[in-house]
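Visitor: So that you have it, the file is coords_34.cif, and it contains mmCIF, C-alpha atoms; chains and numbers go by the auth columns:
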```cif
data_my_file
#
loop_
_atom_site.group_PDB
_atom_site.id
_atom_site.type_symbol
_atom_site.label_atom_id
_atom_site.label_comp_id
_atom_site.label_asym_id
_atom_site.label_seq_id
_atom_site.Cartn_x
_atom_site.Cartn_y
_atom_site.Cartn_z
_atom_site.B_iso_or_equiv
_atom_site.auth_seq_id
_atom_site.auth_asym_id
ATOM 1 C CA MET A 1 -16.709 10.666 8.538 0.00 247 A
ATOM 2 C CA SER A 2 -14.383 13.448 7.455 0.00 248 A
ATOM 3 C CA PHE A 3 -10.785 13.041 6.374 0.00 249 A
ATOM 4 C CA LEU A 4 -9.079 14.346 9.557 0.00 250 A
ATOM 5 C CA PRO A 5 -10.725 11.919 12.014 0.00 251 A
ATOM 6 C CA LYS A 6 -9.987 9.028 9.612 0.00 252 A
ATOM 7 C CA LEU A 7 -6.337 10.060 9.395 0.00 253 A
ATOM 8 C CA THR A 8 -6.056 10.371 13.188 0.00 254 A
ATOM 9 C CA LEU A 9 -7.652 6.969 13.682 0.00 255 A
ATOM 10 C CA ALA A 10 -5.338 5.375 11.091 0.00 256 A
ATOM 11 C CA GLY A 11 -2.285 6.985 12.702 0.00 257 A
ATOM 12 C CA ALA A 12 -3.247 5.771 16.164 0.00 258 A
ATOM 13 C CA PHE A 13 -3.851 2.264 14.806 0.00 259 A
ATOM 14 C CA THR A 14 -0.445 2.291 13.050 0.00 260 A
ATOM 15 C CA LEU A 15 1.325 3.386 16.232 0.00 261 A
ATOM 16 C CA LEU A 16 -0.415 0.644 18.168 0.00 262 A
ATOM 17 C CA LEU A 17 0.729 -1.994 15.658 0.00 263 A
ATOM 18 C CA LEU A 18 4.308 -0.712 15.592 0.00 264 A
ATOM 19 C CA SER A 19 4.634 -0.695 19.362 0.00 265 A
ATOM 20 C CA ALA A 20 3.280 -4.259 19.574 0.00 266 A
ATOM 21 C CA THR A 21 5.750 -5.580 16.981 0.00 267 A
ATOM 22 C CA GLU A 22 8.934 -4.178 18.534 0.00 268 A
ATOM 23 C CA PRO A 23 11.324 -6.980 19.469 0.00 269 A
ATOM 24 C CA ALA A 24 11.483 -7.929 23.140 0.00 270 A
ATOM 25 C CA GLN A 25 14.589 -6.859 24.959 0.00 271 A
ATOM 26 C CA ALA A 26 16.545 -9.488 26.855 0.00 272 A
ATOM 27 C CA GLN A 27 18.483 -8.580 29.955 0.00 273 A
ATOM 28 C CA VAL A 28 21.707 -10.447 30.628 0.00 274 A
ATOM 29 C CA ASN A 29 23.508 -10.158 33.944 0.00 275 A
ATOM 30 C CA ILE A 30 27.111 -11.254 34.088 0.00 276 A
ATOM 31 C CA ASN A 31 28.717 -11.400 37.495 0.00 277 A
ATOM 32 C CA ILE A 32 32.458 -11.126 37.043 0.00 278 A
ATOM 33 C CA ASN A 33 33.169 -11.970 40.714 0.00 279 A
ATOM 34 C CA SER A 34 31.547 -15.438 40.610 0.00 280 A
ATOM 35 C CA PRO A 35 33.929 -18.351 40.031 0.00 281 A
ATOM 36 C CA SER A 36 33.142 -20.729 37.166 0.00 282 A
ATOM 37 C CA TRP A 37 32.038 -23.433 39.631 0.00 283 A
ATOM 38 C CA GLY A 38 29.603 -21.208 41.554 0.00 284 A
ATOM 39 C CA PRO A 39 26.159 -19.801 40.911 0.00 285 A
ATOM 40 C CA ALA A 40 25.671 -16.219 39.815 0.00 286 A
ATOM 41 C CA ALA A 41 25.541 -13.951 42.811 0.00 287 A
ATOM 42 C CA PRO A 42 23.727 -10.626 43.046 0.00 288 A
ATOM 43 C CA ALA A 43 25.818 -7.468 43.202 0.00 289 A
ATOM 44 C CA GLY A 44 27.091 -6.863 46.718 0.00 290 A
ATOM 45 C CA THR A 45 27.276 -10.563 47.650 0.00 291 A
ATOM 46 C CA GLN A 46 30.454 -11.434 49.503 0.00 292 A
ATOM 47 C CA TYR A 47 30.231 -15.138 50.393 0.00 293 A
ATOM 48 C CA TYR A 48 29.109 -18.567 49.295 0.00 294 A
ATOM 49 C CA TYR A 49 28.534 -21.214 51.948 0.00 295 A
ATOM 50 C CA ILE A 50 30.004 -24.537 50.765 0.00 296 A
ATOM 51 C CA PRO A 51 28.382 -27.485 52.582 0.00 297 A
ATOM 52 C CA GLU A 52 30.973 -30.006 51.333 0.00 298 A
ATOM 53 C CA VAL A 53 33.757 -28.275 53.278 0.00 299 A
ATOM 54 C CA GLY A 54 31.641 -26.723 56.036 0.00 300 A
ATOM 55 C CA GLY A 55 33.129 -23.371 55.152 0.00 301 A
ATOM 56 C CA TYR A 56 32.851 -20.337 52.923 0.00 302 A
ATOM 57 C CA TYR A 57 34.227 -18.795 49.760 0.00 303 A
ATOM 58 C CA ASP A 58 34.916 -15.059 49.775 0.00 304 A
ATOM 59 C CA LEU A 59 33.950 -13.730 46.348 0.00 305 A
ATOM 60 C CA ARG A 60 35.763 -10.425 46.850 0.00 306 A
ATOM 61 C CA ASP A 61 39.089 -11.797 48.090 0.00 307 A
ATOM 62 C CA LYS A 62 38.879 -15.104 46.143 0.00 308 A
ATOM 63 C CA HIS A 63 39.746 -17.133 49.253 0.00 309 A
ATOM 64 C CA TYR A 64 38.137 -20.050 51.029 0.00 310 A
ATOM 65 C CA VAL A 65 37.354 -19.547 54.708 0.00 311 A
ATOM 66 C CA VAL A 66 37.641 -22.908 56.490 0.00 312 A
ATOM 67 C CA GLN A 67 38.463 -24.329 59.904 0.00 313 A
ATOM 68 C CA ARG A 68 42.011 -25.581 60.331 0.00 314 A
ATOM 69 C CA GLU A 69 43.269 -26.745 63.720 0.00 315 A
ATOM 70 C CA GLY A 70 40.261 -25.217 65.470 0.00 316 A
ATOM 71 C CA LYS A 71 40.676 -21.768 63.903 0.00 317 A
ATOM 72 C CA TRP A 72 39.033 -20.135 60.909 0.00 318 A
ATOM 73 C CA LYS A 73 41.602 -19.487 58.209 0.00 319 A
ATOM 74 C CA ARG A 74 41.611 -17.992 54.726 0.00 320 A
ATOM 75 C CA VAL A 75 43.230 -20.244 52.113 0.00 321 A
ATOM 76 C CA THR A 76 43.499 -20.071 48.323 0.00 322 A
ATOM 77 C CA THR A 77 42.898 -23.790 47.697 0.00 323 A
ATOM 78 C CA ILE A 78 41.459 -26.751 49.531 0.00 324 A
ATOM 79 C CA SER A 79 43.305 -30.027 49.064 0.00 325 A
ATOM 80 C CA ASN A 80 41.395 -33.228 48.254 0.00 326 A
ATOM 81 C CA TYR A 81 38.380 -31.280 46.938 0.00 327 A
ATOM 82 C CA ASN A 82 37.346 -30.471 43.399 0.00 328 A
ATOM 83 C CA PRO A 83 35.396 -27.195 43.302 0.00 329 A
ATOM 84 C CA SER A 84 33.300 -28.484 40.400 0.00 330 A
ATOM 85 C CA SER A 85 31.720 -30.964 42.837 0.00 331 A
ATOM 86 C CA PHE A 86 30.736 -28.181 45.258 0.00 332 A
ATOM 87 C CA HIS A 87 27.129 -27.097 45.767 0.00 333 A
ATOM 88 C CA PRO A 88 27.718 -23.526 46.943 0.00 334 A
ATOM 89 C CA VAL A 89 24.890 -21.418 48.310 0.00 335 A
ATOM 90 C CA VAL A 90 24.794 -17.627 48.090 0.00 336 A
ATOM 91 C CA ILE A 91 24.409 -16.258 51.616 0.00 337 A
ATOM 92 C CA ASN A 92 23.333 -12.857 52.808 0.00 338 A
ATOM 93 C CA TYR A 93 26.329 -11.831 54.904 0.00 339 A
ATOM 94 C CA VAL A 94 28.866 -9.080 54.404 0.00 340 A
ATOM 95 C CA GLY A 95 31.760 -8.791 56.824 0.00 341 A
ATOM 96 C CA ALA A 96 34.934 -10.471 57.985 0.00 342 A
ATOM 97 C CA GLN A 97 33.522 -13.392 60.033 0.00 343 A
ATOM 98 C CA PRO A 98 30.946 -15.450 58.126 0.00 344 A
ATOM 99 C CA TRP A 99 31.521 -18.350 60.531 0.00 345 A
ATOM 100 C CA VAL A 100 29.339 -16.634 63.126 0.00 346 A
ATOM 101 C CA LEU A 101 26.453 -18.162 61.116 0.00 347 A
ATOM 102 C CA ILE A 102 27.965 -21.643 60.672 0.00 348 A
ATOM 103 C CA ARG A 103 25.424 -23.471 62.864 0.00 349 A
ATOM 104 C CA GLU A 104 22.527 -21.942 60.952 0.00 350 A
ATOM 105 C CA HIS A 105 24.130 -22.720 57.591 0.00 351 A
ATOM 106 C CA LYS A 106 24.937 -26.345 58.469 0.00 352 A
ATOM 107 C CA VAL A 107 21.304 -26.963 59.379 0.00 353 A
ATOM 108 C CA LYS A 108 19.780 -24.972 56.522 0.00 354 A
ATOM 109 C CA TYR A 109 22.161 -26.262 53.819 0.00 355 A
ATOM 110 C CA PRO A 110 23.287 -29.834 54.579 0.00 356 A
ATOM 111 C CA LYS A 111 25.807 -31.593 52.358 0.00 357 A
ATOM 112 C CA ALA A 112 24.308 -32.457 48.981 0.00 358 A
ATOM 113 C CA GLY A 113 22.821 -35.946 48.902 0.00 359 A
ATOM 114 C CA HIS A 114 23.108 -36.366 52.647 0.00 360 A
ATOM 115 C CA PRO A 115 20.080 -35.783 54.880 0.00 361 A
ATOM 116 C CA HIS A 116 21.092 -33.521 57.732 0.00 362 A
ATOM 117 C CA GLY A 117 24.666 -33.594 56.431 0.00 363 A
ATOM 118 C CA MET A 118 25.174 -37.263 57.339 0.00 364 A
ATOM 119 C CA PRO A 119 26.573 -40.010 55.122 0.00 365 A
ATOM 120 C CA PRO A 120 23.987 -42.300 53.498 0.00 366 A
ATOM 121 C CA GLY A 121 22.458 -44.813 55.928 0.00 367 A
ATOM 122 C CA GLN A 122 23.444 -42.846 59.013 0.00 368 A
ATOM 123 C CA ALA A 123 20.106 -41.023 59.369 0.00 369 A
ATOM 124 C CA LYS A 124 18.560 -44.266 60.673 0.00 370 A
ATOM 125 C CA LYS A 125 21.191 -44.446 63.381 0.00 371 A
ATOM 126 C CA MET A 126 20.682 -40.859 64.455 0.00 372 A
ATOM 127 C CA ARG A 127 20.060 -40.514 68.165 0.00 373 A
ATOM 128 C CA ALA A 128 17.687 -38.098 69.797 0.00 374 A
ATOM 129 C CA ALA A 129 18.077 -36.685 73.292 0.00 375 A
ATOM 130 C CA TYR A 130 15.057 -36.113 75.492 0.00 376 A
ATOM 131 C CA PRO A 131 15.530 -34.058 78.655 0.00 377 A
ATOM 132 C CA THR A 132 13.701 -35.518 81.654 0.00 378 A
ATOM 133 C CA GLY A 133 14.359 -33.288 84.623 0.00 379 A
ATOM 134 C CA ASN A 134 18.106 -33.230 85.313 0.00 380 A
ATOM 135 C CA VAL A 135 18.716 -36.414 83.329 0.00 381 A
ATOM 136 C CA ILE A 136 18.924 -36.719 79.566 0.00 382 A
ATOM 137 C CA VAL A 137 17.581 -39.952 78.134 0.00 383 A
ATOM 138 C CA VAL A 138 19.165 -40.956 74.850 0.00 384 A
ATOM 139 C CA GLN A 139 17.002 -42.830 72.403 0.00 385 A
ATOM 140 C CA GLN A 140 18.190 -44.638 69.320 0.00 386 A
ATOM 141 C CA ALA A 141 15.922 -44.288 66.301 0.00 387 A
ATOM 142 C CA GLY A 142 13.121 -46.838 66.440 0.00 388 A
ATOM 143 C CA GLY A 143 13.567 -47.553 70.151 0.00 389 A
ATOM 144 C CA HIS A 144 11.810 -46.235 73.200 0.00 390 A
ATOM 145 C CA PRO A 145 13.381 -44.483 76.165 0.00 391 A
ATOM 146 C CA GLY A 146 13.003 -46.314 79.392 0.00 392 A
ATOM 147 C CA LYS A 147 13.346 -50.060 80.021 0.00 393 A
ATOM 148 C CA GLY A 148 15.868 -50.731 77.249 0.00 394 A
ATOM 149 C CA LYS A 149 14.143 -53.914 76.102 0.00 395 A
ATOM 150 C CA GLY A 150 14.920 -54.550 72.473 0.00 396 A
ATOM 151 C CA ASN A 151 14.398 -57.296 70.015 0.00 397 A
ATOM 152 C CA GLY A 152 18.079 -58.158 69.662 0.00 398 A
ATOM 153 C CA LYS A 153 19.543 -61.634 70.159 0.00 399 A
ATOM 154 C CA GLY A 154 22.284 -60.536 72.567 0.00 400 A
ATOM 155 C CA LYS A 155 22.538 -61.896 76.107 0.00 401 A
ATOM 156 C CA GLY A 156 23.842 -58.652 77.576 0.00 402 A
ATOM 157 C CA LYS A 157 27.479 -59.859 77.658 0.00 403 A
ATOM 158 C CA HIS A 158 30.201 -57.714 76.162 0.00 404 A
#
```
Any chance you could put this one into structure tokens?
Guide:
Amino acid sequence: MSFLPKLTLAGAFTLLLLSATEPAQAQVNININSPSWGPAAPAGTQYYYIPEVGGYYDLRDKHYVVQREGKWKRVTTISNYNPSSFHPVVINYVGAQPWVLIREHKVKYPKAGHPHGMPPGQAKKMRAAYPTGNVIVVQQAGGHPGKGKGNGKGKGKH
């Protein structure tokens, strides 16, 4: 083998080794708009949904959006709540009225530690409604719609 092919082969091998030993680059994203108590939010995100208050936090305006006296209002603080106990969820909504999605968010993101957003022990007492024609039959968990016979000790007196 002549000198030139050996030199080319050695050079290619050296380049291969050098490219393999370059340090890995780490990418760090810092979102300045996220409050210290909330998760990092992608650029362009406007709201968190906060299950504990059944409302929202506007990342751009730094206001909570909650119901007060039947109306949605923007407030800077929420009394009787500590934001560090919140479990906010980044939502995909940009606009002025995030509450148009409140039903969806309450179902999708119930209060932390509470199945379906109910206090502990209440899930057993949850009632289900079954439409039967024009009448709705209400059934308590564990019971059967219809005759109302239970295994209780009551005599039917109230």
Visitor: Would you kindly return, as an MDAnalysis selection string, each protein, DNA or RNA residue with an atom no farther than 10 Å from any atom of region 292-301 of chain A, considering all atoms listed in the file and excluding same-chain residues fewer than 3 positions away?
Guide: chainID A and resid 279:280 284:285 287:289 304:313 318:319 324 327 329 331:342 344:345 347:349 351:358 363
Visitor: Could you take the residues named above and write them with C-alpha atoms, as a compact mmCIF listing (two decimals), in the coordinates of the input?
Guide:
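Dumped to out.txt:
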```txt
# COMPACT_ATOMS: atom_id res chain seq x y z
CA ASN A 279 33.17 -11.97 40.71
CA SER A 280 31.55 -15.44 40.61
CA GLY A 284 29.60 -21.21 41.55
CA PRO A 285 26.16 -19.80 40.91
CA ALA A 287 25.54 -13.95 42.81
CA PRO A 288 23.73 -10.63 43.05
CA ALA A 289 25.82 -7.47 43.20
CA ASP A 304 34.92 -15.06 49.78
CA LEU A 305 33.95 -13.73 46.35
CA ARG A 306 35.76 -10.42 46.85
CA ASP A 307 39.09 -11.80 48.09
CA LYS A 308 38.88 -15.10 46.14
CA HIS A 309 39.75 -17.13 49.25
CA TYR A 310 38.14 -20.05 51.03
CA VAL A 311 37.35 -19.55 54.71
CA VAL A 312 37.64 -22.91 56.49
CA GLN A 313 38.46 -24.33 59.90
CA TRP A 318 39.03 -20.14 60.91
CA LYS A 319 41.60 -19.49 58.21
CA ILE A 324 41.46 -26.75 49.53
CA TYR A 327 38.38 -31.28 46.94
CA PRO A 329 35.40 -27.20 43.30
CA SER A 331 31.72 -30.96 42.84
CA PHE A 332 30.74 -28.18 45.26
CA HIS A 333 27.13 -27.10 45.77
CA PRO A 334 27.72 -23.53 46.94
CA VAL A 335 24.89 -21.42 48.31
CA VAL A 336 24.79 -17.63 48.09
CA ILE A 337 24.41 -16.26 51.62
CA ASN A 338 23.33 -12.86 52.81
CA TYR A 339 26.33 -11.83 54.90
CA VAL A 340 28.87 -9.08 54.40
CA GLY A 341 31.76 -8.79 56.82
CA ALA A 342 34.93 -10.47 57.98
CA PRO A 344 30.95 -15.45 58.13
CA TRP A 345 31.52 -18.35 60.53
CA LEU A 347 26.45 -18.16 61.12
CA ILE A 348 27.96 -21.64 60.67
CA ARG A 349 25.42 -23.47 62.86
CA HIS A 351 24.13 -22.72 57.59
CA LYS A 352 24.94 -26.34 58.47
CA VAL A 353 21.30 -26.96 59.38
CA LYS A 354 19.78 -24.97 56.52
CA TYR A 355 22.16 -26.26 53.82
CA PRO A 356 23.29 -29.83 54.58
CA LYS A 357 25.81 -31.59 52.36
CA ALA A 358 24.31 -32.46 48.98
CA GLY A 363 24.67 -33.59 56.43
```
Visitor: What's the separation between CA of Ser330 (chain A) and CA of Ser282 (chain A), in Å to one decimal place?
Guide: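 CA of Ser330 (chain A) sits 8.4 Å away from CA of Ser282 (chain A).
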Visitor: Can you tell me how far CA of Gly290 (chain A) sits from CA of Ser325 (chain A), in Å to one decimal?
Guide: 28.4 Å
Visitor: Tell me, in Å to one decimal, how far CA of Arg314 (chain A) is from CA of Tyr302 (chain A).
Guide: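 CA of Arg314 (chain A) sits 12.9 Å away from CA of Tyr302 (chain A).
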Visitor: Missing atoms in region 298-309 of chain A: fill them in up to all heavy atoms and send the result as a PDB file, in the frame of the given file.
Guide:
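selection-v7.pdb, freshly written:
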```
ATOM      1  N   GLU A 298      30.009 -28.904  51.421  1.00  0.00           N
ATOM      2  CA  GLU A 298      30.973 -30.006  51.333  1.00  0.00           C
ATOM      3  C   GLU A 298      32.196 -29.788  52.210  1.00  0.00           C
ATOM      4  O   GLU A 298      32.798 -30.760  52.678  1.00  0.00           O
ATOM      5  CB  GLU A 298      31.422 -30.197  49.869  1.00  0.00           C
ATOM      6  CG  GLU A 298      30.357 -30.781  48.972  1.00  0.00           C
ATOM      7  CD  GLU A 298      29.325 -29.761  48.494  1.00  0.00           C
ATOM      8  OE1 GLU A 298      29.456 -28.554  48.783  1.00  0.00           O
ATOM      9  OE2 GLU A 298      28.359 -30.173  47.848  1.00  0.00           O
ATOM     10  N   VAL A 299      32.589 -28.550  52.442  1.00  0.00           N
ATOM     11  CA  VAL A 299      33.757 -28.275  53.278  1.00  0.00           C
ATOM     12  C   VAL A 299      33.381 -27.651  54.616  1.00  0.00           C
ATOM     13  O   VAL A 299      34.243 -27.417  55.453  1.00  0.00           O
ATOM     14  CB  VAL A 299      34.789 -27.377  52.543  1.00  0.00           C
ATOM     15  CG1 VAL A 299      35.303 -28.064  51.299  1.00  0.00           C
ATOM     16  CG2 VAL A 299      34.222 -26.018  52.223  1.00  0.00           C
ATOM     17  N   GLY A 300      32.084 -27.359  54.793  1.00  0.00           N
ATOM     18  CA  GLY A 300      31.641 -26.723  56.036  1.00  0.00           C
ATOM     19  C   GLY A 300      32.278 -25.359  56.214  1.00  0.00           C
ATOM     20  O   GLY A 300      32.591 -24.949  57.322  1.00  0.00           O
ATOM     21  N   GLY A 301      32.483 -24.674  55.096  1.00  0.00           N
ATOM     22  CA  GLY A 301      33.129 -23.371  55.152  1.00  0.00           C
ATOM     23  C   GLY A 301      32.568 -22.438  54.094  1.00  0.00           C
ATOM     24  O   GLY A 301      31.482 -22.659  53.564  1.00  0.00           O
ATOM     25  N   TYR A 302      33.331 -21.419  53.772  1.00  0.00           N
ATOM     26  CA  TYR A 302      32.851 -20.337  52.923  1.00  0.00           C
ATOM     27  C   TYR A 302      33.842 -20.041  51.808  1.00  0.00           C
ATOM     28  O   TYR A 302      35.013 -20.421  51.880  1.00  0.00           O
ATOM     29  CB  TYR A 302      32.641 -19.080  53.772  1.00  0.00           C
ATOM     30  CG  TYR A 302      31.641 -19.302  54.864  1.00  0.00           C
ATOM     31  CD1 TYR A 302      32.035 -19.753  56.122  1.00  0.00           C
ATOM     32  CD2 TYR A 302      30.285 -19.118  54.641  1.00  0.00           C
ATOM     33  CE1 TYR A 302      31.109 -19.993  57.124  1.00  0.00           C
ATOM     34  CE2 TYR A 302      29.355 -19.343  55.636  1.00  0.00           C
ATOM     35  CZ  TYR A 302      29.768 -19.781  56.868  1.00  0.00           C
ATOM     36  OH  TYR A 302      28.854 -20.025  57.844  1.00  0.00           O
ATOM     37  N   TYR A 303      33.368 -19.331  50.800  1.00  0.00           N
ATOM     38  CA  TYR A 303      34.227 -18.795  49.760  1.00  0.00           C
ATOM     39  C   TYR A 303      33.958 -17.306  49.685  1.00  0.00           C
ATOM     40  O   TYR A 303      32.818 -16.878  49.522  1.00  0.00           O
ATOM     41  CB  TYR A 303      33.964 -19.449  48.404  1.00  0.00           C
ATOM     42  CG  TYR A 303      34.894 -18.939  47.325  1.00  0.00           C
ATOM     43  CD1 TYR A 303      36.208 -19.393  47.268  1.00  0.00           C
ATOM     44  CD2 TYR A 303      34.469 -17.998  46.393  1.00  0.00           C
ATOM     45  CE1 TYR A 303      37.076 -18.924  46.293  1.00  0.00           C
ATOM     46  CE2 TYR A 303      35.339 -17.520  45.420  1.00  0.00           C
ATOM     47  CZ  TYR A 303      36.629 -17.992  45.370  1.00  0.00           C
ATOM     48  OH  TYR A 303      37.501 -17.517  44.413  1.00  0.00           O
ATOM     49  N   ASP A 304      35.017 -16.513  49.822  1.00  0.00           N
ATOM     50  CA  ASP A 304      34.916 -15.059  49.775  1.00  0.00           C
ATOM     51  C   ASP A 304      35.050 -14.630  48.316  1.00  0.00           C
ATOM     52  O   ASP A 304      36.120 -14.776  47.714  1.00  0.00           O
ATOM     53  CB  ASP A 304      36.018 -14.440  50.637  1.00  0.00           C
ATOM     54  CG  ASP A 304      35.861 -12.941  50.808  1.00  0.00           C
ATOM     55  OD1 ASP A 304      35.351 -12.274  49.882  1.00  0.00           O
ATOM     56  OD2 ASP A 304      36.262 -12.431  51.865  1.00  0.00           O
ATOM     57  N   LEU A 305      33.961 -14.131  47.752  1.00  0.00           N
ATOM     58  CA  LEU A 305      33.950 -13.730  46.348  1.00  0.00           C
ATOM     59  C   LEU A 305      34.836 -12.517  46.085  1.00  0.00           C
ATOM     60  O   LEU A 305      35.397 -12.384  45.002  1.00  0.00           O
ATOM     61  CB  LEU A 305      32.515 -13.429  45.897  1.00  0.00           C
ATOM     62  CG  LEU A 305      31.585 -14.631  45.886  1.00  0.00           C
ATOM     63  CD1 LEU A 305      30.130 -14.198  45.811  1.00  0.00           C
ATOM     64  CD2 LEU A 305      31.921 -15.540  44.737  1.00  0.00           C
ATOM     65  N   ARG A 306      34.953 -11.638  47.034  1.00  0.00           N
ATOM     66  CA  ARG A 306      35.763 -10.425  46.850  1.00  0.00           C
ATOM     67  C   ARG A 306      37.258 -10.734  46.889  1.00  0.00           C
ATOM     68  O   ARG A 306      38.022 -10.287  46.048  1.00  0.00           O
ATOM     69  CB  ARG A 306      35.435  -9.389  47.928  1.00  0.00           C
ATOM     70  CG  ARG A 306      34.031  -8.851  47.812  1.00  0.00           C
ATOM     71  CD  ARG A 306      33.764  -7.846  48.902  1.00  0.00           C
ATOM     72  NE  ARG A 306      32.360  -7.435  48.868  1.00  0.00           N
ATOM     73  CZ  ARG A 306      31.804  -6.692  49.789  1.00  0.00           C
ATOM     74  NH1 ARG A 306      32.501  -6.273  50.818  1.00  0.00           N
ATOM     75  NH2 ARG A 306      30.530  -6.363  49.694  1.00  0.00           N
ATOM     76  N   ASP A 307      37.671 -11.507  47.904  1.00  0.00           N
ATOM     77  CA  ASP A 307      39.089 -11.797  48.090  1.00  0.00           C
ATOM     78  C   ASP A 307      39.547 -13.063  47.359  1.00  0.00           C
ATOM     79  O   ASP A 307      40.736 -13.362  47.345  1.00  0.00           O
ATOM     80  CB  ASP A 307      39.417 -11.943  49.574  1.00  0.00           C
ATOM     81  CG  ASP A 307      39.210 -10.648  50.335  1.00  0.00           C
ATOM     82  OD1 ASP A 307      39.203  -9.573  49.699  1.00  0.00           O
ATOM     83  OD2 ASP A 307      39.045 -10.708  51.566  1.00  0.00           O
ATOM     84  N   LYS A 308      38.587 -13.840  46.837  1.00  0.00           N
ATOM     85  CA  LYS A 308      38.879 -15.104  46.143  1.00  0.00           C
ATOM     86  C   LYS A 308      39.661 -16.073  47.042  1.00  0.00           C
ATOM     87  O   LYS A 308      40.657 -16.655  46.650  1.00  0.00           O
ATOM     88  CB  LYS A 308      39.609 -14.836  44.831  1.00  0.00           C
ATOM     89  CG  LYS A 308      38.771 -14.068  43.831  1.00  0.00           C
ATOM     90  CD  LYS A 308      39.512 -13.868  42.543  1.00  0.00           C
ATOM     91  CE  LYS A 308      38.711 -13.275  41.449  1.00  0.00           C
ATOM     92  NZ  LYS A 308      37.894 -12.173  41.632  1.00  0.00           N
ATOM     93  N   HIS A 309      39.171 -16.210  48.279  1.00  0.00           N
ATOM     94  CA  HIS A 309      39.746 -17.133  49.253  1.00  0.00           C
ATOM     95  C   HIS A 309      38.645 -17.988  49.862  1.00  0.00           C
ATOM     96  O   HIS A 309      37.522 -17.534  50.025  1.00  0.00           O
ATOM     97  CB  HIS A 309      40.431 -16.365  50.403  1.00  0.00           C
ATOM     98  CG  HIS A 309      41.778 -15.853  50.055  1.00  0.00           C
ATOM     99  ND1 HIS A 309      41.972 -14.607  49.512  1.00  0.00           N
ATOM    100  CD2 HIS A 309      43.004 -16.415  50.184  1.00  0.00           C
ATOM    101  CE1 HIS A 309      43.259 -14.420  49.323  1.00  0.00           C
ATOM    102  NE2 HIS A 309      43.910 -15.498  49.716  1.00  0.00           N
TER     103      HIS A 309
END
```
